[in-house]
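Raw contents of structure-v6.cif, mmCIF, C-alpha atoms:
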```cif
data_final
#
loop_
_atom_site.label_atom_id
_atom_site.label_comp_id
_atom_site.auth_asym_id
_atom_site.auth_seq_id
_atom_site.Cartn_x
_atom_site.Cartn_y
_atom_site.Cartn_z
CA MET X 111 -47.31 -19.15 10.44
CA SER X 112 -49.77 -20.62 7.96
CA THR X 113 -49.03 -20.92 4.25
CA SER X 114 -51.71 -18.37 3.37
CA THR X 115 -50.25 -15.67 5.64
CA LYS X 116 -46.57 -16.13 4.79
CA ARG X 117 -44.89 -13.32 2.90
CA CYS X 118 -43.39 -14.04 -0.47
CA TYR X 119 -39.76 -15.08 -0.04
CA TYR X 120 -38.67 -12.64 -2.74
CA GLU X 121 -40.46 -9.79 -0.94
CA THR X 122 -38.88 -10.86 2.33
CA LEU X 123 -35.38 -10.56 0.80
CA GLU X 124 -36.40 -7.42 -1.12
CA VAL X 125 -35.30 -8.79 -4.52
CA GLU X 126 -36.93 -9.43 -7.87
CA ARG X 127 -37.91 -12.96 -8.95
CA ASP X 128 -35.11 -13.07 -11.55
CA ALA X 129 -32.40 -12.05 -9.03
CA ASP X 130 -29.19 -14.05 -9.39
CA ASP X 131 -27.24 -15.69 -6.55
CA SER X 132 -24.99 -12.69 -5.93
CA VAL X 133 -27.95 -10.33 -5.58
CA LEU X 134 -29.69 -12.77 -3.24
CA LYS X 135 -26.63 -13.11 -1.05
CA SER X 136 -25.96 -9.37 -0.95
CA SER X 137 -29.52 -8.56 0.07
CA PHE X 138 -29.54 -11.37 2.63
CA ARG X 139 -26.32 -10.10 4.27
CA LYS X 140 -27.66 -6.54 4.46
CA LEU X 141 -31.01 -7.52 5.97
CA ALA X 142 -29.55 -10.11 8.34
CA MET X 143 -27.18 -7.54 9.79
CA LYS X 144 -29.97 -4.95 10.05
CA PHE X 145 -32.39 -7.20 11.98
CA HIS X 146 -29.88 -9.33 13.92
CA PRO X 147 -31.10 -9.77 17.53
CA ASP X 148 -27.72 -8.72 18.92
CA ARG X 149 -28.16 -5.38 17.20
CA ASN X 150 -31.78 -5.06 18.32
CA PRO X 151 -31.89 -6.39 21.89
CA GLY X 152 -35.40 -6.85 23.24
CA ASP X 153 -37.03 -6.11 19.87
CA ASN X 154 -39.37 -9.02 19.17
CA THR X 155 -40.27 -7.69 15.70
CA SER X 156 -36.62 -7.72 14.60
CA GLU X 157 -36.22 -11.29 15.84
CA ILE X 158 -39.25 -12.44 13.83
CA LYS X 159 -37.97 -10.68 10.69
CA PHE X 160 -34.54 -12.18 11.26
CA LYS X 161 -36.05 -15.68 11.23
CA GLU X 162 -38.12 -14.91 8.12
CA ILE X 163 -35.03 -13.67 6.28
CA ASN X 164 -33.12 -16.84 7.15
CA GLU X 165 -36.03 -19.06 6.06
CA ALA X 166 -36.38 -17.25 2.74
CA TYR X 167 -32.68 -17.43 1.96
CA GLU X 168 -32.47 -21.12 2.89
CA VAL X 169 -34.97 -21.83 0.13
CA LEU X 170 -33.91 -19.40 -2.58
CA LYS X 171 -30.18 -20.12 -2.38
CA ASP X 172 -30.86 -23.79 -3.27
CA LYS X 173 -31.61 -24.24 -6.99
CA ASP X 174 -33.96 -27.21 -6.50
CA LYS X 175 -35.87 -25.61 -3.63
CA ARG X 176 -36.11 -22.34 -5.51
CA ALA X 177 -37.51 -24.10 -8.59
CA ALA X 178 -40.12 -25.85 -6.44
CA TYR X 179 -41.03 -22.59 -4.70
CA ASP X 180 -41.35 -20.73 -8.03
CA ARG X 181 -43.82 -23.41 -9.22
CA TYR X 182 -45.84 -24.24 -6.11
CA GLY X 183 -45.14 -21.43 -3.67
CA HIS X 184 -45.07 -22.16 0.06
CA ALA X 185 -47.15 -25.29 -0.50
CA ALA X 186 -44.05 -26.97 -1.96
CA PHE X 187 -42.61 -27.33 1.54
CA GLU X 188 -45.62 -28.53 3.48
CA GLN X 189 -45.83 -32.13 4.66
CA GLY X 190 -42.14 -32.17 5.60
CA GLY X 191 -40.94 -30.55 2.40
CA GLY X 192 -38.35 -28.58 4.31
CA GLY X 193 -38.02 -24.85 3.41
CA GLY X 194 -39.08 -23.32 6.68
CA ALA X 195 -36.45 -25.06 8.74
CA GLY X 196 -35.77 -21.89 10.70
CA PHE X 197 -32.51 -22.70 12.44
CA GLY X 198 -31.75 -26.24 11.32
CA ALA X 199 -28.54 -27.63 9.88
CA GLY X 200 -28.45 -25.02 7.16
CA PHE X 201 -28.30 -22.10 9.56
CA ALA X 202 -24.54 -22.18 10.15
CA SER X 203 -23.77 -22.40 6.45
CA SER X 204 -26.13 -19.53 5.67
CA PHE X 205 -24.65 -17.21 8.28
CA SER X 206 -20.99 -18.24 8.28
CA ASP X 207 -20.19 -15.53 5.75
CA ILE X 208 -21.70 -12.73 7.86
CA PHE X 209 -20.22 -13.76 11.23
CA GLU X 210 -17.02 -11.92 10.31
CA ASP X 211 -18.98 -8.71 9.70
CA LEU X 212 -21.03 -9.04 12.87
CA PHE X 213 -18.41 -10.19 15.35
CA GLY X 214 -15.03 -9.23 13.89
CA MET X 215 -13.88 -12.81 13.37
CA ALA X 216 -11.98 -12.13 10.15
CA GLY X 217 -8.52 -13.63 9.94
CA GLN X 218 -9.26 -16.57 12.28
CA ARG X 219 -9.77 -19.14 9.60
CA GLY X 220 -7.07 -21.62 8.70
CA GLY X 221 -4.11 -22.57 10.82
CA ARG X 222 -5.39 -26.09 11.40
CA GLY X 223 -2.84 -28.78 11.79
CA GLY X 224 -0.42 -26.36 13.49
CA ARG X 225 1.02 -24.95 10.23
CA GLU X 226 1.17 -21.15 10.18
CA ARG X 227 2.77 -18.89 7.61
CA GLY X 228 5.84 -17.05 8.79
CA ALA X 229 5.86 -13.29 9.24
CA ASP X 230 7.03 -10.91 6.52
CA LEU X 231 10.22 -8.99 7.28
CA ARG X 232 11.33 -5.46 6.39
CA TYR X 233 14.91 -4.36 5.72
CA ASN X 234 15.82 -0.69 5.17
CA MET X 235 18.72 -0.04 2.78
CA GLU X 236 20.27 3.29 1.85
CA ILE X 237 21.98 3.62 -1.53
CA THR X 238 23.68 6.47 -3.38
CA LEU X 239 22.28 8.25 -6.40
CA GLU X 240 25.07 6.73 -8.50
CA GLU X 241 24.04 3.24 -7.37
CA ALA X 242 20.43 4.02 -8.24
CA PHE X 243 21.63 5.12 -11.68
CA GLY X 244 23.66 2.03 -12.53
CA GLY X 245 22.02 -0.58 -10.31
CA LYS X 246 23.97 -2.92 -8.07
CA THR X 247 24.01 -6.29 -6.37
CA ALA X 248 24.08 -5.80 -2.61
CA GLN X 249 24.97 -8.33 0.06
CA ILE X 250 22.97 -8.07 3.27
CA GLU X 251 22.98 -9.99 6.53
CA ILE X 252 19.74 -10.25 8.48
CA PRO X 253 18.58 -12.24 11.52
CA VAL X 254 15.65 -14.42 10.50
CA SER X 255 13.71 -17.34 11.88
CA VAL X 256 14.45 -20.57 10.02
CA THR X 257 13.03 -24.06 10.34
CA CYS X 258 14.46 -25.89 13.34
CA GLU X 259 16.68 -28.72 12.13
CA ALA X 260 16.39 -30.69 15.37
CA CYS X 261 12.63 -31.25 15.02
CA SER X 262 12.21 -30.56 11.28
CA GLY X 263 9.86 -27.73 12.15
CA ILE X 264 7.14 -29.69 13.98
CA GLY X 265 8.08 -28.29 17.40
CA ALA X 266 8.06 -31.66 19.20
CA LYS X 267 11.04 -33.30 20.84
CA ALA X 268 12.86 -35.89 18.72
CA GLY X 269 11.04 -39.24 18.94
CA THR X 270 7.67 -37.63 19.77
CA LYS X 271 4.84 -36.16 17.76
CA PRO X 272 2.21 -33.50 18.38
CA LYS X 273 -1.09 -34.85 19.65
CA THR X 274 -4.57 -33.93 18.55
CA CYS X 275 -6.06 -31.16 20.68
CA SER X 276 -8.61 -32.64 23.06
CA THR X 277 -10.59 -29.40 23.23
CA CYS X 278 -11.43 -29.10 19.53
CA GLY X 279 -10.64 -32.61 18.31
CA GLY X 280 -8.07 -31.24 15.86
CA ALA X 281 -10.48 -28.84 14.14
CA GLY X 282 -8.79 -25.73 15.49
CA ARG X 283 -12.19 -24.19 16.25
CA VAL X 284 -14.86 -24.73 18.84
CA ARG X 285 -18.58 -24.05 18.71
CA GLN X 286 -20.37 -22.03 21.31
CA SER X 287 -24.12 -21.60 21.61
CA GLN X 288 -25.45 -18.10 22.15
CA GLY X 289 -29.19 -17.88 22.32
CA PHE X 290 -30.80 -19.58 19.35
CA PHE X 291 -27.68 -19.84 17.15
CA THR X 292 -24.14 -21.20 17.32
CA LEU X 293 -20.85 -19.36 16.87
CA GLU X 294 -17.51 -20.81 15.87
CA ARG X 295 -14.39 -19.44 17.53
CA THR X 296 -10.68 -20.20 17.53
CA CYS X 297 -9.89 -23.00 19.96
CA PRO X 298 -8.41 -21.51 23.15
CA GLY X 299 -6.53 -24.72 23.92
CA CYS X 300 -4.39 -24.96 20.79
CA GLN X 301 -4.87 -21.40 19.42
CA GLY X 302 -6.36 -22.76 16.24
CA ARG X 303 -3.54 -25.19 15.42
CA GLY X 304 -5.53 -28.33 16.15
CA GLN X 305 -2.53 -29.94 17.82
CA MET X 306 -0.86 -29.86 21.23
CA ILE X 307 2.81 -30.47 21.98
CA GLU X 308 3.51 -32.25 25.25
CA ASP X 309 7.29 -32.64 24.86
CA ALA X 310 8.62 -29.49 23.22
CA CYS X 311 11.80 -29.51 21.19
CA PRO X 312 14.57 -28.08 23.41
CA SER X 313 16.23 -26.33 20.45
CA CYS X 314 13.23 -24.20 19.47
CA SER X 315 11.00 -24.45 22.60
CA GLY X 316 8.19 -25.94 20.53
CA GLN X 317 8.04 -23.16 17.93
CA GLY X 318 9.53 -25.23 15.13
CA ARG X 319 11.93 -22.43 14.19
CA VAL X 320 15.11 -20.79 15.47
CA THR X 321 16.86 -17.47 14.76
CA ARG X 322 19.88 -17.46 12.47
CA GLU X 323 21.94 -14.88 10.58
CA ARG X 324 21.32 -15.16 6.86
CA ASN X 325 23.37 -13.68 4.03
CA LEU X 326 21.34 -12.67 1.01
CA SER X 327 22.14 -11.18 -2.38
CA VAL X 328 19.79 -8.37 -3.45
CA ASN X 329 19.63 -7.23 -7.07
CA ILE X 330 18.87 -3.50 -7.32
CA PRO X 331 17.86 -2.57 -10.89
CA PRO X 332 18.84 0.77 -12.49
CA GLY X 333 16.34 3.57 -12.02
CA VAL X 334 15.01 2.74 -8.55
CA GLU X 335 13.60 5.71 -6.66
CA ASP X 336 13.42 6.68 -3.03
CA GLY X 337 10.86 4.39 -1.36
CA THR X 338 11.11 1.59 -3.95
CA ARG X 339 10.17 -1.78 -2.43
CA ILE X 340 11.85 -5.02 -3.52
CA ARG X 341 10.15 -8.30 -2.55
CA LEU X 342 12.14 -11.47 -1.95
CA ALA X 343 9.57 -14.27 -1.85
CA GLY X 344 10.08 -16.90 0.83
CA GLU X 345 12.97 -15.07 2.50
CA GLY X 346 11.01 -13.94 5.55
CA GLU X 347 10.53 -15.79 8.81
CA ALA X 348 10.00 -19.53 8.71
CA GLY X 349 6.46 -20.72 9.31
CA VAL X 350 5.39 -22.11 12.66
CA ARG X 351 5.68 -25.90 12.83
CA GLY X 352 6.43 -26.47 9.19
CA GLY X 353 4.29 -23.68 7.77
CA PRO X 354 5.39 -21.75 4.66
CA PRO X 355 7.86 -18.88 5.13
CA GLY X 356 6.96 -15.22 4.83
CA ASP X 357 8.53 -12.72 2.44
CA LEU X 358 11.33 -10.21 2.86
CA TYR X 359 10.74 -6.63 1.69
CA ILE X 360 13.71 -4.37 0.97
CA PHE X 361 12.80 -0.66 1.29
CA LEU X 362 15.27 1.61 -0.51
CA SER X 363 16.15 5.17 0.43
CA LEU X 364 18.49 7.44 -1.52
CA ALA X 365 21.26 9.32 0.26
CA GLN X 366 21.43 13.06 -0.34
CA HIS X 367 23.75 13.94 -3.23
CA GLN X 368 26.28 16.76 -2.96
CA PHE X 369 25.50 18.11 -6.41
CA PHE X 370 22.25 16.74 -7.88
CA GLN X 371 18.62 16.90 -6.79
CA ARG X 372 16.33 14.28 -8.30
CA ASP X 373 12.81 14.78 -9.62
CA GLY X 374 11.53 11.49 -11.01
CA ALA X 375 13.89 10.62 -13.86
CA ASP X 376 15.24 14.21 -14.16
CA LEU X 377 18.24 15.64 -12.35
CA HIS X 378 18.69 19.28 -11.32
CA CYS X 379 21.75 21.23 -10.26
CA ARG X 380 22.58 24.89 -9.54
CA VAL X 381 25.80 26.44 -10.82
CA PRO X 382 27.06 29.90 -9.81
CA ILE X 383 28.54 32.00 -12.64
CA SER X 384 30.26 35.36 -12.58
CA MET X 385 28.58 38.60 -13.52
CA VAL X 386 31.02 38.94 -16.40
CA THR X 387 30.21 35.49 -17.82
CA ALA X 388 26.51 36.22 -17.57
CA ALA X 389 26.96 39.56 -19.35
CA LEU X 390 29.47 38.60 -22.03
CA GLY X 391 28.64 34.92 -22.42
CA GLY X 392 30.89 31.92 -21.98
CA GLU X 393 30.85 28.26 -21.11
CA PHE X 394 31.61 25.91 -18.22
CA GLU X 395 31.72 22.18 -17.54
CA VAL X 396 29.46 20.25 -15.17
CA PRO X 397 29.71 16.61 -14.03
CA THR X 398 27.12 14.06 -15.10
CA ILE X 399 25.68 11.22 -13.04
CA GLU X 400 27.45 8.55 -15.12
CA LYS X 401 30.78 10.03 -13.92
CA GLY X 402 31.37 12.02 -17.09
CA LYS X 403 31.14 15.73 -17.80
CA THR X 404 29.43 18.02 -20.30
CA LYS X 405 29.76 21.64 -21.42
CA VAL X 406 27.09 24.28 -20.93
CA LYS X 407 27.21 27.34 -23.19
CA VAL X 408 25.99 30.59 -21.63
CA PRO X 409 24.77 33.22 -24.11
CA ALA X 410 25.50 36.90 -23.51
CA GLY X 411 22.96 38.64 -21.31
CA THR X 412 21.97 35.50 -19.37
CA GLN X 413 19.86 36.31 -16.33
CA SER X 414 20.12 34.62 -12.96
CA SER X 415 17.98 31.44 -12.47
CA ARG X 416 17.91 30.61 -16.17
CA ARG X 417 17.79 26.84 -16.79
CA PHE X 418 19.61 24.88 -19.46
CA ARG X 419 18.37 21.42 -20.46
CA ILE X 420 20.80 18.64 -21.30
CA ALA X 421 18.83 15.83 -22.91
CA SER X 422 19.15 12.20 -21.77
CA LYS X 423 21.68 12.98 -19.03
CA GLY X 424 19.30 12.21 -16.17
CA MET X 425 18.29 8.94 -14.51
CA PRO X 426 17.09 5.81 -16.29
CA VAL X 427 13.39 5.02 -16.03
CA LEU X 428 12.89 1.80 -14.06
CA ARG X 429 12.51 -1.23 -16.34
CA SER X 430 12.64 0.97 -19.43
CA ARG X 431 15.15 2.20 -21.99
CA GLN X 432 14.08 5.80 -21.49
CA MET X 433 16.35 8.33 -19.84
CA GLY X 434 15.51 11.52 -18.02
CA ASP X 435 17.14 14.90 -18.62
CA MET X 436 19.54 17.05 -16.62
CA TYR X 437 18.68 20.68 -15.91
CA VAL X 438 21.40 23.19 -15.02
CA GLN X 439 20.23 26.39 -13.36
CA VAL X 440 22.72 29.26 -13.36
CA VAL X 441 22.87 31.74 -10.49
CA VAL X 442 24.67 35.03 -11.20
CA GLU X 443 27.04 35.74 -8.33
CA THR X 444 27.44 39.32 -7.13
CA PRO X 445 31.14 40.28 -6.76
CA GLN X 446 32.40 40.57 -3.17
CA ASN X 447 35.56 41.88 -1.45
CA LEU X 448 36.34 44.26 -4.32
CA THR X 449 39.62 46.12 -4.54
CA LYS X 450 39.64 49.90 -4.94
CA LYS X 451 40.46 49.57 -8.62
CA GLN X 452 37.57 47.14 -9.16
CA GLN X 453 35.19 49.47 -7.36
CA GLU X 454 36.30 52.36 -9.58
CA LEU X 455 35.82 50.29 -12.71
CA LEU X 456 32.32 49.25 -11.66
CA ALA X 457 31.41 52.82 -10.78
CA GLU X 458 32.60 53.93 -14.21
CA PHE X 459 30.60 51.12 -15.81
CA ASP X 460 27.50 52.25 -13.93
CA LYS X 461 27.90 55.78 -15.26
CA LEU X 462 28.04 54.44 -18.78
CA SER X 463 25.01 52.16 -18.28
CA SER X 464 21.61 52.97 -19.69
CA GLY X 465 18.21 51.46 -20.15
CA ASN X 466 19.60 49.36 -22.97
CA THR X 467 22.15 47.63 -20.76
CA GLN X 468 19.73 47.06 -17.86
CA PRO X 469 16.23 47.00 -19.41
CA GLU X 470 14.53 45.20 -16.54
CA SER X 471 15.76 47.65 -13.90
CA GLU X 472 14.94 50.59 -16.12
CA GLY X 473 11.45 49.31 -16.78
CA PHE X 474 10.77 48.58 -13.12
CA PHE X 475 11.80 51.97 -11.79
CA THR X 476 9.89 53.71 -14.57
CA LYS X 477 6.75 51.94 -13.32
CA VAL X 478 7.59 52.93 -9.74
CA LYS X 479 7.96 56.58 -10.77
CA ASP X 480 4.63 56.51 -12.57
CA PHE X 481 3.00 54.86 -9.56
CA PHE X 482 4.09 57.55 -7.12
CA GLY X 483 3.20 60.23 -9.66
CA ASN X 484 -0.35 58.93 -9.92
CA ARG X 485 -0.70 58.84 -6.13
CA ALA X 486 0.48 62.42 -5.82
CA SER X 487 -2.03 63.65 -8.43
#
```

Using structure tokens, write down the structure that the file contains.
Amino acid sequence: MSTSTKRCYYETLEVERDADDSVLKSSFRKLAMKFHPDRNPGDNTSEIKFKEINEAYEVLKDKDKRAAYDRYGHAAFEQGGGGGAGFGAGFASSFSDIFEDLFGMAGQRGGRGGRERGADLRYNMEITLEEAFGGKTAQIEIPVSVTCEACSGIGAKAGTKPKTCSTCGGAGRVRQSQGFFTLERTCPGCQGRGQMIEDACPSCSGQGRVTRERNLSVNIPPGVEDGTRIRLAGEGEAGVRGGPPGDLYIFLSLAQHQFFQRDGADLHCRVPISMVTAALGGEFEVPTIEKGKTKVKVPAGTQSSRRFRIASKGMPVLRSRQMGDMYVQVVVETPQNLTKKQQELLAEFDKLSSGNTQPESEGFFTKVKDFFGNRAS
């Protein structure tokens, strides 16, 4: 393509002339993925545009080349000036950041030299509500992979060392040509480690780690909730062949309490009271989560389901000095298994009752009577 017929590099990348590096890169990635030949098989137009996009980005991403292009245009790279290199040495660097998007190669970088980070571990622990209130130090025993002492984690038999992988030359990755460009993939010979072990350590079978039971102390702070996660850095599985260890995550669950239900930092409980206490008033004691007790005063005429708030008798807020509240809900219990004398007394009480003693019932049935009266009329 002659200089006179070439499109402006800025137009090719669909950016303004004052676009910064991040805008250039973003537009380049979008267009490269759109016109990539693998996504447009047999489309000659897409292949040509793909090459133009690469050429434009190769120039504009370089400060010196961009300055020359801004001053002289395409003429700056004639006579061997270099901007339209097409698929030269700069191609791999330009497209390395979009290979992951195009071919799903994310997560394959690193791992060279055989060192791999160990896996994270999960441990489920159930604690009581009282333990969540006061906090505790728990001792746990877990099977974990630790660095093999016989080979110091390298995986090779004592007196030997891993050798450089002959397939990738120790790089951990191999290049493969596909059409007019080159892809990098994890080396199939060493699985990306860059090294091969010929004489494996008999204690760990070449893994550089062995399984052991480990006793750990876990500090559980006051106020933890169901599902709280505690991270112990470096207490996971040992890394492969000397790699760094993973982490251990403690997932807490709270056992069901016989008396309290928790809602964040607040505690709730239901207490049955007699019909007499609800009518005449009274008081009763309830336990508190800190193993104490407190009195609840019931005023005369208390209705069922009424709640009483006891301030600062709930759970502590995690990593805070704040405390939740405790809510006591009373449930009026209907008398059962009455004696004949009790039945007579209640019947006499009912005769003496009026709308003043049972205003809600009186009001409801008055509305019902009016309702049926209106229907009849």

Option closest in space to Val328 of chain X, from X:Gly265, X:Gly228, X:Pro151, X:Gly245 [counting only C-alpha atoms]: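 Ranking X:Gly265, X:Gly228, X:Pro151, X:Gly245 by distance to Val328 of chain X, first place goes to X:Gly245.
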
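When the PyMOL selection byres ((chain X and resi 234) around 8) is evaluated against the file, it yields Arg232, Tyr233, Met235, Glu236, Ile360, Phe361, Leu362 and Ser363 of chain X.
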
Polymer residues at most 6 Å from segment 313-316 of chain X, only C-alpha atoms, same-chain spacing of 3 or more positions, as a list in words: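 Non-adjacent residues within range: Gly265, Ala266, Ala310, Arg319 and Val320 of chain X.
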
All residues 12 Å or closer to segment 176-179 of chain X, only C-alpha atoms, same chain fewer than 2 positions away omitted, as JSON, numbers by chain: {"X": [118, 119, 120, 127, 128, 129, 130, 131, 134, 166, 167, 168, 169, 170, 171, 172, 173, 174, 181, 182, 183, 184, 185, 186, 187, 188, 191, 192, 193, 194]}

Distance of atom CA of Gly353 of chain X from atom CA of Lys271 of chain X, expressed in Å to one decimal place: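 Computing the Euclidean distance for atom CA of Lys271 of chain X and atom CA of Gly353 of chain X yields 16.0 Å.
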